[in-house]
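Asker: Below you'll find target.txt; it's compact mmCIF, C-alpha atoms and all ligand atoms.
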# COMPACT_ATOMS: atom_id res chain seq x y z
CA MET F 483 91.58 105.45 67.93
CA VAL F 484 92.27 103.84 71.28
CA ASN F 485 95.59 104.86 72.79
CA LYS F 486 98.60 102.59 73.17
CA ARG F 487 98.25 101.79 76.90
CA VAL F 488 94.65 100.76 76.38
CA GLN F 489 95.54 98.71 73.33
CA THR F 490 98.31 96.91 75.21
CA LEU F 491 95.98 96.02 78.07
CA LEU F 492 93.32 94.71 75.69
CA GLU F 493 95.91 92.53 73.99
CA GLN F 494 96.95 91.10 77.36
CA LEU F 495 93.35 90.33 78.24
CA ARG F 496 92.80 88.59 74.91
CA ALA F 497 95.96 86.56 75.48
CA GLN F 498 94.58 85.57 78.91
CA GLY F 499 91.44 84.24 77.25
CA ILE F 500 88.91 87.08 77.30
CA ARG F 501 86.82 86.67 74.15
CA ASP F 502 83.81 88.96 74.53
CA GLU F 503 84.57 92.02 72.41
CA HIS F 504 81.74 93.98 74.04
CA VAL F 505 83.42 93.48 77.40
CA LEU F 506 86.81 94.57 76.02
CA GLU F 507 85.20 97.59 74.40
CA ALA F 508 83.56 98.53 77.73
CA LEU F 509 86.93 98.32 79.51
CA ALA F 510 88.46 100.54 76.85
CA GLN F 511 85.70 103.12 77.41
CA VAL F 512 86.11 103.51 81.19
CA PRO F 513 89.05 105.72 82.31
CA ARG F 514 90.43 103.47 85.07
CA GLU F 515 92.82 106.24 86.23
CA LYS F 516 89.78 108.07 87.64
CA PHE F 517 88.99 105.15 89.96
CA VAL F 518 92.31 104.57 91.75
CA ASP F 519 94.21 106.61 94.39
CA GLU F 520 96.08 109.49 92.75
CA ALA F 521 99.46 108.02 93.66
CA PHE F 522 98.67 104.99 91.48
CA GLU F 523 97.26 106.76 88.41
CA HIS F 524 100.36 105.91 86.39
CA LYS F 525 99.61 102.22 86.92
CA ALA F 526 95.91 102.48 86.07
CA TRP F 527 96.21 100.69 82.71
CA GLU F 528 98.38 97.90 83.99
CA ASN F 529 96.79 94.53 84.58
CA VAL F 530 97.09 94.77 88.38
CA ALA F 531 94.87 95.28 91.42
CA LEU F 532 95.38 98.70 93.07
CA PRO F 533 94.44 100.42 96.37
CA ILE F 534 91.25 102.54 96.46
CA GLY F 535 91.41 103.58 100.16
CA GLN F 536 89.71 102.13 103.26
CA GLY F 537 91.89 99.02 102.93
CA GLN F 538 90.02 98.01 99.75
CA THR F 539 91.30 97.30 96.25
CA ILE F 540 90.08 97.70 92.70
CA SER F 541 90.35 94.30 91.01
CA GLN F 542 92.75 93.50 88.20
CA PRO F 543 91.25 94.43 84.81
CA TYR F 544 91.49 90.73 83.91
CA MET F 545 89.18 89.82 86.80
CA VAL F 546 86.73 92.60 85.92
CA ALA F 547 86.64 91.35 82.34
CA ARG F 548 86.38 87.69 83.36
CA MET F 549 83.49 88.27 85.76
CA SER F 550 81.65 90.50 83.28
CA GLU F 551 82.07 87.87 80.58
CA LEU F 552 80.75 85.12 82.84
CA LEU F 553 77.75 87.18 83.78
CA LEU F 554 76.91 87.91 80.12
CA GLU F 555 77.86 84.55 78.62
CA ASP F 556 74.25 83.54 78.09
CA GLY F 557 73.06 86.78 76.50
CA PRO F 558 72.20 90.34 77.51
CA LEU F 559 70.91 91.17 81.00
CA ASP F 560 68.45 93.87 81.98
CA LYS F 561 68.71 93.83 85.78
CA VAL F 562 71.97 93.25 87.59
CA MET F 563 72.79 93.58 91.27
CA GLU F 564 76.39 94.23 92.28
CA ILE F 565 77.70 93.64 95.80
CA GLY F 566 80.83 95.66 96.68
CA THR F 567 80.71 98.92 94.68
CA GLY F 568 84.19 99.92 95.92
CA SER F 569 85.58 102.53 93.53
CA GLY F 570 82.71 101.97 91.11
CA TYR F 571 85.03 100.71 88.36
CA GLN F 572 83.38 97.33 87.85
CA THR F 573 80.06 99.17 88.06
CA ALA F 574 81.12 101.57 85.30
CA VAL F 575 82.25 98.72 83.06
CA LEU F 576 79.00 96.83 83.58
CA SER F 577 76.91 99.93 83.08
CA GLN F 578 77.98 99.86 79.41
CA LEU F 579 76.89 96.25 79.08
CA VAL F 580 73.59 95.82 80.94
CA GLU F 581 70.43 97.87 81.19
CA ARG F 582 70.27 98.64 84.90
CA ILE F 583 72.57 98.07 87.87
CA PHE F 584 71.70 98.02 91.55
CA SER F 585 74.95 98.36 93.48
CA VAL F 586 75.37 97.74 97.21
CA GLU F 587 78.37 98.92 99.29
CA ARG F 588 78.92 98.86 103.06
CA ILE F 589 81.46 101.73 103.29
CA LYS F 590 79.70 105.07 102.87
CA VAL F 591 82.73 107.13 101.80
CA LEU F 592 83.60 104.69 99.04
CA GLN F 593 80.02 104.68 97.85
CA ASP F 594 79.86 108.50 97.78
CA ARG F 595 83.04 108.72 95.69
CA ALA F 596 81.85 106.00 93.32
CA LYS F 597 78.57 107.87 92.82
CA GLU F 598 80.43 111.08 91.93
CA ARG F 599 82.67 109.30 89.45
CA LEU F 600 79.77 107.68 87.63
CA LEU F 601 77.91 110.99 87.43
CA GLU F 602 81.02 112.68 86.04
CA LEU F 603 81.18 110.00 83.36
CA ASN F 604 77.45 110.48 82.76
CA LEU F 605 76.68 106.83 83.51
CA ARG F 606 73.14 107.06 84.78
CA ASN F 607 71.74 103.54 84.74
CA VAL F 608 73.06 102.74 88.23
CA VAL F 609 71.25 102.95 91.56
CA PHE F 610 73.32 102.80 94.77
CA ARG F 611 72.48 101.40 98.17
CA TRP F 612 74.46 101.77 101.37
CA GLY F 613 73.89 98.46 103.06
CA ASP F 614 74.94 94.91 103.75
CA GLY F 615 75.58 92.76 100.72
CA TRP F 616 74.78 89.61 102.69
CA GLU F 617 71.17 90.79 102.53
CA GLY F 618 71.20 91.86 98.87
CA TRP F 619 68.44 94.27 97.88
CA ASN F 620 65.23 92.33 98.10
CA ALA F 621 62.76 95.12 97.38
CA LEU F 622 64.06 95.60 93.83
CA GLY F 623 64.70 91.94 92.92
CA PRO F 624 64.70 89.45 91.40
CA TYR F 625 67.83 90.01 89.29
CA ASN F 626 68.96 88.34 86.05
CA GLY F 627 72.52 88.70 87.17
CA ILE F 628 74.31 89.18 90.50
CA ILE F 629 78.02 89.90 90.79
CA VAL F 630 79.88 89.91 94.10
CA THR F 631 83.32 91.53 94.18
CA ALA F 632 84.34 90.50 97.71
CA ALA F 633 84.96 86.96 98.95
CA ALA F 634 82.10 85.38 100.88
CA SER F 635 82.75 82.60 103.42
CA GLU F 636 79.68 80.89 101.95
CA VAL F 637 77.12 81.80 99.30
CA PRO F 638 74.68 84.27 100.94
CA GLN F 639 71.19 82.75 101.00
CA ALA F 640 69.57 86.13 100.29
CA LEU F 641 71.44 86.37 96.98
CA LEU F 642 70.26 82.92 95.91
CA ASP F 643 66.71 83.93 96.81
CA GLN F 644 66.94 87.17 94.82
CA LEU F 645 68.14 85.49 91.63
CA ALA F 646 65.50 85.20 88.87
CA ILE F 647 64.93 81.83 87.18
CA GLY F 648 67.69 81.60 84.56
CA GLY F 649 69.64 84.23 86.51
CA ARG F 650 73.39 84.03 87.01
CA LEU F 651 75.40 84.70 90.17
CA VAL F 652 79.17 85.19 89.92
CA ILE F 653 80.84 85.11 93.32
CA PRO F 654 84.20 84.32 94.93
CA VAL F 655 83.67 81.90 97.83
CA GLY F 656 86.09 80.80 100.53
CA ALA F 657 87.54 81.98 103.81
CA GLY F 658 91.25 81.66 103.02
CA GLU F 659 93.62 83.96 101.15
CA THR F 660 92.53 82.46 97.88
CA GLN F 661 88.97 81.55 97.01
CA GLU F 662 87.05 79.78 94.29
CA LEU F 663 85.19 81.81 91.72
CA LEU F 664 81.74 80.25 91.34
CA LEU F 665 79.06 80.63 88.71
CA ILE F 666 75.65 79.67 90.08
CA VAL F 667 72.66 79.51 87.75
CA ARG F 668 69.11 79.36 89.03
CA GLU F 669 67.17 76.64 87.21
CA GLU F 670 63.42 75.93 87.38
CA ASP F 671 64.05 73.33 90.06
CA GLY F 672 67.16 74.40 91.90
CA TYR F 673 70.63 75.80 91.30
CA SER F 674 73.55 74.58 89.21
CA ARG F 675 76.99 75.37 90.51
CA HIS F 676 80.23 75.65 88.52
CA VAL F 677 83.67 76.11 90.05
CA LEU F 678 85.80 78.25 87.71
CA ASP F 679 89.05 79.82 88.86
CA LEU F 680 91.18 80.31 91.95
CA VAL F 681 90.96 84.00 92.84
CA ARG F 682 92.01 86.48 95.51
CA PHE F 683 89.51 89.01 96.86
CA VAL F 684 89.12 91.08 100.03
CA PRO F 685 86.48 89.55 102.34
CA LEU F 686 82.76 90.22 102.27
CA LEU F 687 82.26 91.65 105.78
CA ASN F 688 79.19 92.12 107.91
CA GLY F 689 76.98 95.17 108.17
CA PRO F 690 77.16 98.74 106.83
CA LEU F 691 79.92 101.11 108.00
CA ALA F 692 79.66 104.92 108.16
N1 LIG P 1 84.46 96.09 92.46
C1 LIG P 1 85.16 97.13 93.19
C2 LIG P 1 86.18 96.59 94.17
C3 LIG P 1 85.56 95.92 95.27
S1 LIG P 1 86.58 95.70 96.70
C4 LIG P 1 85.84 98.08 92.24
O1 LIG P 1 85.75 97.89 91.02
O2 LIG P 1 86.44 99.02 92.73
C5 LIG P 1 85.31 94.97 97.68
C6 LIG P 1 84.26 95.93 98.14
O3 LIG P 1 83.26 95.18 98.83
C7 LIG P 1 84.79 96.96 99.14
O4 LIG P 1 84.43 98.24 98.72
C8 LIG P 1 84.09 96.58 100.44
O5 LIG P 1 83.81 97.67 101.28
C9 LIG P 1 82.82 95.93 99.92
N2 LIG P 1 82.15 95.06 100.88
C10 LIG P 1 82.69 94.17 101.75
N3 LIG P 1 81.74 93.55 102.47
C11 LIG P 1 80.55 94.06 102.05
C12 LIG P 1 79.19 93.83 102.41
N4 LIG P 1 78.84 92.96 103.34
N5 LIG P 1 78.23 94.52 101.75
C13 LIG P 1 78.55 95.42 100.78
N6 LIG P 1 79.80 95.68 100.41
C14 LIG P 1 80.80 95.02 101.03
How does this structure look as structure tokens?

Answerer:
Amino acid sequence: MVNKRVQTLLEQLRAQGIRDEHVLEALAQVPREKFVDEAFEHKAWENVALPIGQGQTISQPYMVARMSELLLEDGPLDKVMEIGTGSGYQTAVLSQLVERIFSVERIKVLQDRAKERLLELNLRNVVFRWGDGWEGWNALGPYNGIIVTAAASEVPQALLDQLAIGGRLVIPVGAGETQELLLIVREEDGYSRHVLDLVRFVPLLNGPLA
């Protein structure tokens, strides 16, 4: 039996248009209170973005659900790369839904904490890399899915290159306070590009940071 706070959040997400029950189930399984700053634990099951330290934020549950749904819309995925591990919350949700995740983060302390949280939850299908998301993770590609949880000024070429044929890239793009959420699919002979929602993410910055 899922508790009341969880149930209320799931109802809100359904009302906002989230349809994939696997995605909703995954959100229900991940204790979001373990991923936010202690001072905000009481708000963990509200449909809001919250601080995770280092000037970064954990996305709204709606956005996590929306991006997961977009990634999985065309069927199950075995290899997914994530750019912007942050707290590891989106990672934990996706780890219930895809076979393997390769997650890249530029801020070491955030990555270390995310790693600990996923181990505590016994989610073991995730590999972490401390590095620059603009470069992706070429050695382990190509990927069937790539999700970027920070706003890029333009679509990073390396990520396009590391997408498998048929692969899907979900990424917020734009330099202003709001950005466009794009879905890019790699076809046999190029890329198709779909503009979806107006969104608000922290920027995708350059280079790793200790
Ligand atoms: N999805 C995360 C929230 C991400 S916030 C969660 O569920 O908690 C955006 C994250 O992207 C931050 O942790 C930030 O440090 C990271 N980031 C920004 N630029 C980056 C880059 N070039 N490479 C890798 N990570 C980056």

Asker: Starting from the point (89.6, 103.6, 96.0), work out which residues of protein, DNA or RNA have an atom no more than 7 Å away when counting all atoms listed in the file; state them as a PDB file with C-alpha atoms, keeping the file's coordinate frame.

Answerer:
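Output file out-v4.pdb follows:
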ATOM      1  CA  PHE F 517      88.990 105.150  89.960  1.00  0.00           C
ATOM      2  CA  VAL F 518      92.310 104.570  91.750  1.00  0.00           C
ATOM      3  CA  ASP F 519      94.210 106.610  94.390  1.00  0.00           C
ATOM      4  CA  PRO F 533      94.440 100.420  96.370  1.00  0.00           C
ATOM      5  CA  ILE F 534      91.250 102.540  96.460  1.00  0.00           C
ATOM      6  CA  GLY F 535      91.410 103.580 100.160  1.00  0.00           C
ATOM      7  CA  GLN F 538      90.020  98.010  99.750  1.00  0.00           C
ATOM      8  CA  THR F 539      91.300  97.300  96.250  1.00  0.00           C
ATOM      9  CA  ILE F 540      90.080  97.700  92.700  1.00  0.00           C
ATOM     10  CA  GLY F 568      84.190  99.920  95.920  1.00  0.00           C
ATOM     11  CA  SER F 569      85.580 102.530  93.530  1.00  0.00           C
ATOM     12  CA  LEU F 592      83.600 104.690  99.040  1.00  0.00           C
TER      13      LEU F 592
END

Asker: Ligand LIG 1 (chain P): which residues are within 7 Å, counting all atoms listed in the file, as a JSON list (two decimals) with C-alpha atoms, in the frame of the given file?

Answerer:
[["chain", "number", "residue", "atom", "x", "y", "z"],
["F", 538, "GLN", "CA", 90.02, 98.01, 99.75],
["F", 539, "THR", "CA", 91.30, 97.30, 96.25],
["F", 540, "ILE", "CA", 90.08, 97.70, 92.70],
["F", 541, "SER", "CA", 90.35, 94.30, 91.01],
["F", 565, "ILE", "CA", 77.70, 93.64, 95.80],
["F", 566, "GLY", "CA", 80.83, 95.66, 96.68],
["F", 567, "THR", "CA", 80.71, 98.92, 94.68],
["F", 568, "GLY", "CA", 84.19, 99.92, 95.92],
["F", 569, "SER", "CA", 85.58, 102.53, 93.53],
["F", 570, "GLY", "CA", 82.71, 101.97, 91.11],
["F", 571, "TYR", "CA", 85.03, 100.71, 88.36],
["F", 572, "GLN", "CA", 83.38, 97.33, 87.85],
["F", 573, "THR", "CA", 80.06, 99.17, 88.06],
["F", 586, "VAL", "CA", 75.37, 97.74, 97.21],
["F", 587, "GLU", "CA", 78.37, 98.92, 99.29],
["F", 588, "ARG", "CA", 78.92, 98.86, 103.06],
["F", 589, "ILE", "CA", 81.46, 101.73, 103.29],
["F", 592, "LEU", "CA", 83.60, 104.69, 99.04],
["F", 613, "GLY", "CA", 73.89, 98.46, 103.06],
["F", 614, "ASP", "CA", 74.94, 94.91, 103.75],
["F", 615, "GLY", "CA", 75.58, 92.76, 100.72],
["F", 616, "TRP", "CA", 74.78, 89.61, 102.69],
["F", 631, "THR", "CA", 83.32, 91.53, 94.18],
["F", 632, "ALA", "CA", 84.34, 90.50, 97.71],
["F", 684, "VAL", "CA", 89.12, 91.08, 100.03],
["F", 685, "PRO", "CA", 86.48, 89.55, 102.34],
["F", 686, "LEU", "CA", 82.76, 90.22, 102.27],
["F", 687, "LEU", "CA", 82.26, 91.65, 105.78],
["F", 688, "ASN", "CA", 79.19, 92.12, 107.91],
["F", 689, "GLY", "CA", 76.98, 95.17, 108.17],
["F", 690, "PRO", "CA", 77.16, 98.74, 106.83]]

Asker: Provide the CA of Gln644 in chain F to CA of Pro624 in chain F distance in Å, to one decimal place.

Answerer: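 So the answer is 4.7 Å.
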
Asker: What does the structure give for the distance between CA of Glu669 in chain F and CA of Ala657 in chain F, in Å to one decimal?

Answerer: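 According to the coordinates, CA of Glu669 in chain F and CA of Ala657 in chain F are separated by 26.8 Å.
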
Asker: Let me have the centre and edge lengths of the axis-aligned box enclosing all listed atoms of range 508-521 of chain F with 6 Å padding on every side, in Å to one decimal, as AutoDock Vina command-line options.

Answerer:
--center_x 91.5 --center_y 103.9 --center_z 85.6 --size_x 27.9 --size_y 23.2 --size_z 29.5

Asker: Counting all atoms listed in the file, which of F:Ala640, F:Ala547, F:Val488, F:Val609 gets nearest to Lys525 in chain F?

Answerer: F:Val488

Asker: Calculated over all atoms listed in the file, which of the candidates F:Ala526, F:Ala531, F:Leu665, F:Ala633 has the smallest distance to Leu491 in chain F?

Answerer: F:Ala526

Asker: Taking only C-alpha atoms into account, which of F:Leu601, F:Val655, F:Leu552, F:Leu576 comes nearest Arg682 in chain F?

Answerer: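 Smallest distance to Arg682 in chain F is found for F:Val655.
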
Asker: With all atoms listed in the file as the atoms that count, which of F:Ala497, F:Ala634, F:Met563, F:Ala510 lies nearest to Leu651 in chain F?

Answerer: F:Met563

Asker: Could you list as an MDAnalysis selection string every residue that has an atom within 7 Å of (89.8, 88.4, 90.1), using the file's coordinates and counting all atoms listed in the file?

Answerer: chainID F and resid 541:542 544:546 681:683

Asker: So which one's closest to Val637 in chain F, F:Arg582, F:Pro543, F:Asn604, F:Tyr673? Using only C-alpha atoms, please.

Answerer: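 Smallest separation from Val637 in chain F among the options: F:Tyr673.
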
Asker: If you measure from CA of Glu636 in chain F to CA of Pro654 in chain F, what distance in Å do you get, rounded to one decimal?

Answerer: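 Going from CA of Glu636 in chain F over to CA of Pro654 in chain F, I get 9.0 Å.
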
Asker: Can you list, as a ChimeraX atom specification, every protein, DNA or RNA residue that comes within 7 Å of Leu664 in chain F when you count all atoms listed in the file, leaving out same-chain residues fewer than 3 positions away?

Answerer: /F:652-655,675-678

Asker: Hey, what's within 10 Å of Ile583 in chain F if we count all atoms listed in the file and toss same-chain stuff fewer than 5 positions away? As number ranges by chain, please?

Answerer: F: 559-564, 573-574, 576-577, 606-610, 625, 627-628

Asker: Which polymer residues have any atom within 9 Å of an atom of His504 in chain F, counting all atoms listed in the file, with same-chain residues fewer than 6 positions away left out, as a list in words?

Answerer: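 My reading of the contact set: Glu551, Gln578 and Leu579 of chain F.
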
Asker: What's around Leu603 in chain F at 10 Å? Count only C-alpha atoms, leave out sequence neighbours fewer than 3 positions away in its own chain, and write the answer as a list in words.

Answerer: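 The neighbour list is Val512, Pro513, Lys516, Ala574, Glu598, Arg599, Leu600 and Arg606 of chain F.
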